Amino acid sequence: MRLRVGLILFAAIFAGALLRAAASASGTTPPAARQAPGAVALLAPDVRDNGSLPFSFRMDGRLISSRQAGWNLKVRLERIDARRTRERRTLFDPKTGFAATCVSVRYSDFPVIEWTVYLEQTRRGESPLITDFNALDVRFDRNRSGGYVLHHPAGTTVSAGDYAPQDAPLPPGADVKIAPNGGRPCGGEFPYMNLQGPDGGVALAIGWPGHWHAEFSRDSAGVVHATAGQEGMRFKLRFGERVRSPLIAALSYRGDWIRGQNMWRRWMVAHNLPRPGGKLPPPQLNACYGTTVDLSLVNYDYQSFYLDRYVAEGLKPDYLWEDAGWYPNRSGWPNTGTWEVDTARFPGGLRPLTNHAHAKGVRVIVWFEPERVTPGTWLYEKHPEWLLGRDGDQKLLDLGNGAARRWLVDHIDGMLGREGIDLYRQDYNVDPLPYWRGADAPDRRGITENHYCAGYLAFWDELLRRRPNMLIDSCASGGHRNDLETMRRSVPLLRSDHILDAVGNQGHTYGLAFWIPFNGTGTDQPGDYEIMSAMTQAGFTACWDARNRSQDWQRYRKLVAVWRAVSPLYLADFYPLTTYNLDADKWIAWQWDSPERGQGAVQAFRRAKSPDEKMTLRLKALKPTETYVVADLLTHRAATLSGRELMQKGLTVEIPAQPGSAWLAYRVRRRAPP
């Protein structure tokens with residue numbers, strides 16, 4: 001299989017970089033002697049190509065998908081660090097003053113290349129009419145007779161089925177079109193996909209915090225044509241104006257698609273997961289009152305009591321979670337647009353609460369939703385020129401407006417410092433697409449969205465520049481905005497607003513683990529089955545009612561201790577051990593494996609109507625000749641088995657409870673030196 005990205009334009013980027021072989025699932029680079037050009041370099045260029053581009057657009061109806069005669073080419077190459085090289089290639093049309101710049105980054109430690117395309121009008125007057133602007137426009141044409149499958153998870157619909165794996169076969173003549181709903185990038189569909197071919201494949205991500213589209217079609221000759229970009233663009237640029245494409249990231253791999261996904265997971269951790277203060281964020285226990293009391297009634301006394309009770313029960317959280325409702329909220333939730341603390345409920349602001357938490361060694365998360373503006377609030381009344389939408393209705397703060405964005409950065413940054421807030425949480429409970437499109441002229445379609453999305457990323461970049469040790473939590477009705485660009489700046493501590501359903505949480509972990517290793521959720525339920533279903537790597541948010549002293553707090557302490565011990569493995573390789581399902585009469589199980597550590601863990605869940613008390617699970621990726629000690633983390637029963645036995649005969653897991661769960665860990669038994 002070969003992806004035609006080719007050209008003069010990209011030869012220097014791909015040559016050598018992706019011929020380093022699809023790295024092993026452990027993320028290491030095999031010795032050069034193992035490399036076989038053509039067998040492993042799925043993204044290698046066709047050196048015979050004469051200038052085709054990996055992106056395309058139409059200019060006054062003419063397709064631009066290769067270097068045009070008479071256009072100038074300027075190249076600049078720079079090393080970002082020891083593992084990344086950036087190349088900027090600008091194509092310039094001297095007749096119109098129109099420029100297209102492709103900024104690409106290649107990685108030396110993973111078979112990954114990414115790129116973003118910028119279009120700009122550099123001469124006075126308008127640009128030609130630009131349509132069909134695709135950030136990705138490539139063809140896969142090797143082994144044309146072989147089978148292709150597109151693996152693409154569902155996005156979120158705030159349901160148990162969020163992130164459900166979906167497989168679309170691509171026989172000749174097939175055409176698969178994917179797009180989210182409403183303008184948030186993960187609404188209904190997910191901007192991550194894996195095109196599996198006969199001898200490997202390519203994992204792709206569309207980094208765009210707006211409304212994207214993707215299409216995979218296969219012609220009668222067997223060639224797969226893939227396109228993706230911001231949907232619905234039709235515009236003329238003004239003098240000095242620039243727009244950008246979504247980021248496209250592509251990882252090539254050999255072998256089965258699960259191997260490719262584990263390479264992707266490792267690349268996500270190595271190069272994308274935020275590192276406040278230069279360190280990976282540790283798993284965090286959050287304490288949140290969110291399901292125990294009306295948000296608009298929360299005050300200093302309740303929050304300080306809630307925190308004190310958790311500490312007294314031996315469950316000192318890493319963060320106290322201050323959710324929605326701390327601002328003036330007299331008309332009821334959401335009432336967003338006045339970003340000041342309601343001092344009637346929080347005398348002295350939030351600073352007395354954050355001081356109280358800090359004195360106990362606990363940091364504080366605070367919820368904001370600056371983009372949604374409701375009538376009667378400060379933004380609605382004082383700055384209507386910054387807002388998108390109709391008078392009298394809820395509006396959208398236009399982050400593409402420079403004055404609005406500058407105010408927002410200064411105001412939020414000031415509040416973070418003044419109130420002692422440690423972690424900024426940004427929600428986004430509105431579908432923005434009607435606001436964006438309603439503001440566009442006929443020859444400017446897509447421009448409002450494009451500038452808005454660029455402004456949103458610039459807002460977070462500036463906030464992080466000012467506060468490099470701060471973590472941002474991305475929340476958009478749960479997981480509606482978890483595209484790659486957003487995930488490079490934040491983590492999803494609440495991956496879905498469908499949170500108090502054990503079966504749904506199991507399905508969310510299964511589906512999202514392929515793509516975003518660091519993700520979180522929470523529960524207020526008391527049972528082991530429900531609690532273990534909600535424990536993930538990024539964070540477990542405990543919403544147990546602190547007022548109820550009769551709860552089994554000792555049990556909670558035990559489960560949290562086990563989670564803390566196992567959670568680092570959640571960033572290791574992921575292997576499903578059963579098929580994905582939400583069925584009440586089935587089991588679901590998966591495995592986390594760290595070959596470097598010789599350790600791993602298995603989580604298994606027996607559903608409420610499953611008649612099977614036992615299930616044999618064949619583990620993956622172990623060393624056949626090694627001996628492993630396998631222990632039940634709750635009962636402490638242990639067994640010793642060889643890697644061959646665990647992979648071929650399997651591990652028999654017994655769960656008497658219905659429903660019930662099991663948490664097992666394994667490690668290589670180290671032999672004592674002679």
# chains A, B, ... in the order shown; residues from 1 in each chain; ligands from 1
$ residues_around --residues "Asp573 (chain A)" --least-positions-apart "3" --cutoff "6 Å" --atoms "only C-alpha atoms" --output "PyMOL selection string"
chain A and resi 262+592-593
$ residues_around --residues "Ser65 (chain A)" --least-positions-apart "5" --cutoff "7 Å" --atoms "only C-alpha atoms" --output "PyMOL selection string"
chain A and resi 52-53+55-57
$ residues_around --residues "region 426-438 of chain A" --least-positions-apart "2" --cutoff "6 Å" --atoms "only C-alpha atoms" --output "VMD selection string"
chain A and resid 182 to 183 368 to 369 388 to 389 440 448 to 449 474 to 477
$ write_last_selection --atoms "N, CA and C atoms" --output "CSV table (one decimal), in the first residue's frame"
chain,number,residue,atom,x,y,z
A,182,GLY,N,-23.4,19.9,14.3
A,182,GLY,CA,-23.5,21.1,15.1
A,182,GLY,C,-22.3,22.0,15.2
A,183,GLY,N,-21.1,21.5,14.7
A,183,GLY,CA,-19.9,22.4,14.8
A,183,GLY,C,-18.9,22.0,15.8
A,368,PHE,N,-15.4,27.1,34.0
A,368,PHE,CA,-15.8,28.3,33.3
A,368,PHE,C,-16.5,27.8,32.0
A,369,GLU,N,-17.3,28.7,31.4
A,369,GLU,CA,-17.8,28.5,30.1
A,369,GLU,C,-17.9,29.8,29.4
A,388,LEU,N,-21.9,36.7,18.6
A,388,LEU,CA,-22.5,36.2,17.4
A,388,LEU,C,-23.9,35.7,17.8
A,389,GLY,N,-24.9,36.0,17.1
A,389,GLY,CA,-26.3,35.5,17.4
A,389,GLY,C,-27.3,36.6,17.3
A,440,ASP,N,-21.7,34.6,8.1
A,440,ASP,CA,-20.9,34.6,6.9
A,440,ASP,C,-21.7,35.2,5.7
A,448,THR,N,-15.9,32.8,9.4
A,448,THR,CA,-16.1,33.1,10.8
A,448,THR,C,-15.7,31.9,11.6
A,449,GLU,N,-16.0,30.7,11.2
A,449,GLU,CA,-15.6,29.5,11.9
A,449,GLU,C,-14.1,29.4,11.9
A,474,SER,N,-10.5,20.1,29.2
A,474,SER,CA,-11.4,20.4,28.1
A,474,SER,C,-12.7,19.7,28.4
A,475,CYS,N,-13.8,20.4,28.4
A,475,CYS,CA,-15.1,19.9,28.6
A,475,CYS,C,-16.1,20.6,27.7
A,476,ALA,N,-16.8,19.8,26.9
A,476,ALA,CA,-17.8,20.4,26.0
A,476,ALA,C,-19.0,19.5,26.0
A,477,SER,N,-19.9,19.7,27.0
A,477,SER,CA,-20.9,18.7,27.3
A,477,SER,C,-20.3,17.3,27.4
$ closest_residue --among "A:Leu457, A:Val602, A:Ala324, A:Val224" --to "Arg139 (chain A)" --atoms "only C-alpha atoms"
A:Val224
$ select_by_dssp --residues "region 149-261 of chain A" --states "alpha helix (DSSP H)" --output "MDAnalysis selection string"
chainID A and resid 257:261
$ atom_distance --atom1 "CA of Lys177 (chain A)" --atom2 "CA of Leu396 (chain A)"
28.6 Å
$ closest_residue --among "A:Val298, A:Leu285, A:Val112, A:Leu237" --to "Ala203 (chain A)" --atoms "only C-alpha atoms"
A:Val112
$ residues_around --residues "region 76-88 of chain A" --least-positions-apart "3" --cutoff "7 Å" --atoms "only C-alpha atoms" --output "ChimeraX atom specification"
/A:101-109
$ residues_around --residues "Arg405 (chain A)" --least-positions-apart "5" --cutoff "9 Å" --atoms "only C-alpha atoms" --output "list in words"
Leu397, Asp398, Leu399, Gly400, Asp410, Gly455, Tyr456, Ala458 and Phe459 of chain A
$ write_last_selection --atoms "N, CA and C atoms" --output "mmCIF file, in the first residue's frame"
data_model
loop_
_atom_site.group_PDB
_atom_site.id
_atom_site.type_symbol
_atom_site.label_atom_id
_atom_site.label_comp_id
_atom_site.auth_asym_id
_atom_site.auth_seq_id
_atom_site.Cartn_x
_atom_site.Cartn_y
_atom_site.Cartn_z
ATOM 1 N N LEU A 397 -19.620 34.149 22.230
ATOM 2 C CA LEU A 397 -18.501 35.084 22.256
ATOM 3 C C LEU A 397 -17.576 34.751 21.098
ATOM 4 N N ASP A 398 -17.365 35.704 20.212
ATOM 5 C CA ASP A 398 -16.597 35.461 18.987
ATOM 6 C C ASP A 398 -15.101 35.506 19.290
ATOM 7 N N LEU A 399 -14.482 34.334 19.415
ATOM 8 C CA LEU A 399 -13.058 34.276 19.705
ATOM 9 C C LEU A 399 -12.205 34.645 18.492
ATOM 10 N N GLY A 400 -12.821 34.801 17.335
ATOM 11 C CA GLY A 400 -12.118 35.328 16.176
ATOM 12 C C GLY A 400 -11.986 36.837 16.209
ATOM 13 N N ASP A 410 -6.955 38.290 29.360
ATOM 14 C CA ASP A 410 -6.596 39.097 30.522
ATOM 15 C C ASP A 410 -7.529 38.834 31.696
ATOM 16 N N GLY A 455 -8.743 31.513 16.859
ATOM 17 C CA GLY A 455 -8.744 32.359 18.044
ATOM 18 C C GLY A 455 -8.866 31.568 19.330
ATOM 19 N N TYR A 456 -9.674 30.524 19.306
ATOM 20 C CA TYR A 456 -9.801 29.646 20.479
ATOM 21 C C TYR A 456 -8.464 29.013 20.831
ATOM 22 N N ALA A 458 -5.507 30.169 19.993
ATOM 23 C CA ALA A 458 -4.617 31.249 20.412
ATOM 24 C C ALA A 458 -4.906 31.669 21.851
ATOM 25 N N PHE A 459 -6.168 31.669 22.251
ATOM 26 C CA PHE A 459 -6.550 31.995 23.627
ATOM 27 C C PHE A 459 -5.893 31.027 24.602
#
$ select_by_dssp --residues "region 122-235 of chain A" --states "strand (DSSP E)" --output "count of residues only"
50
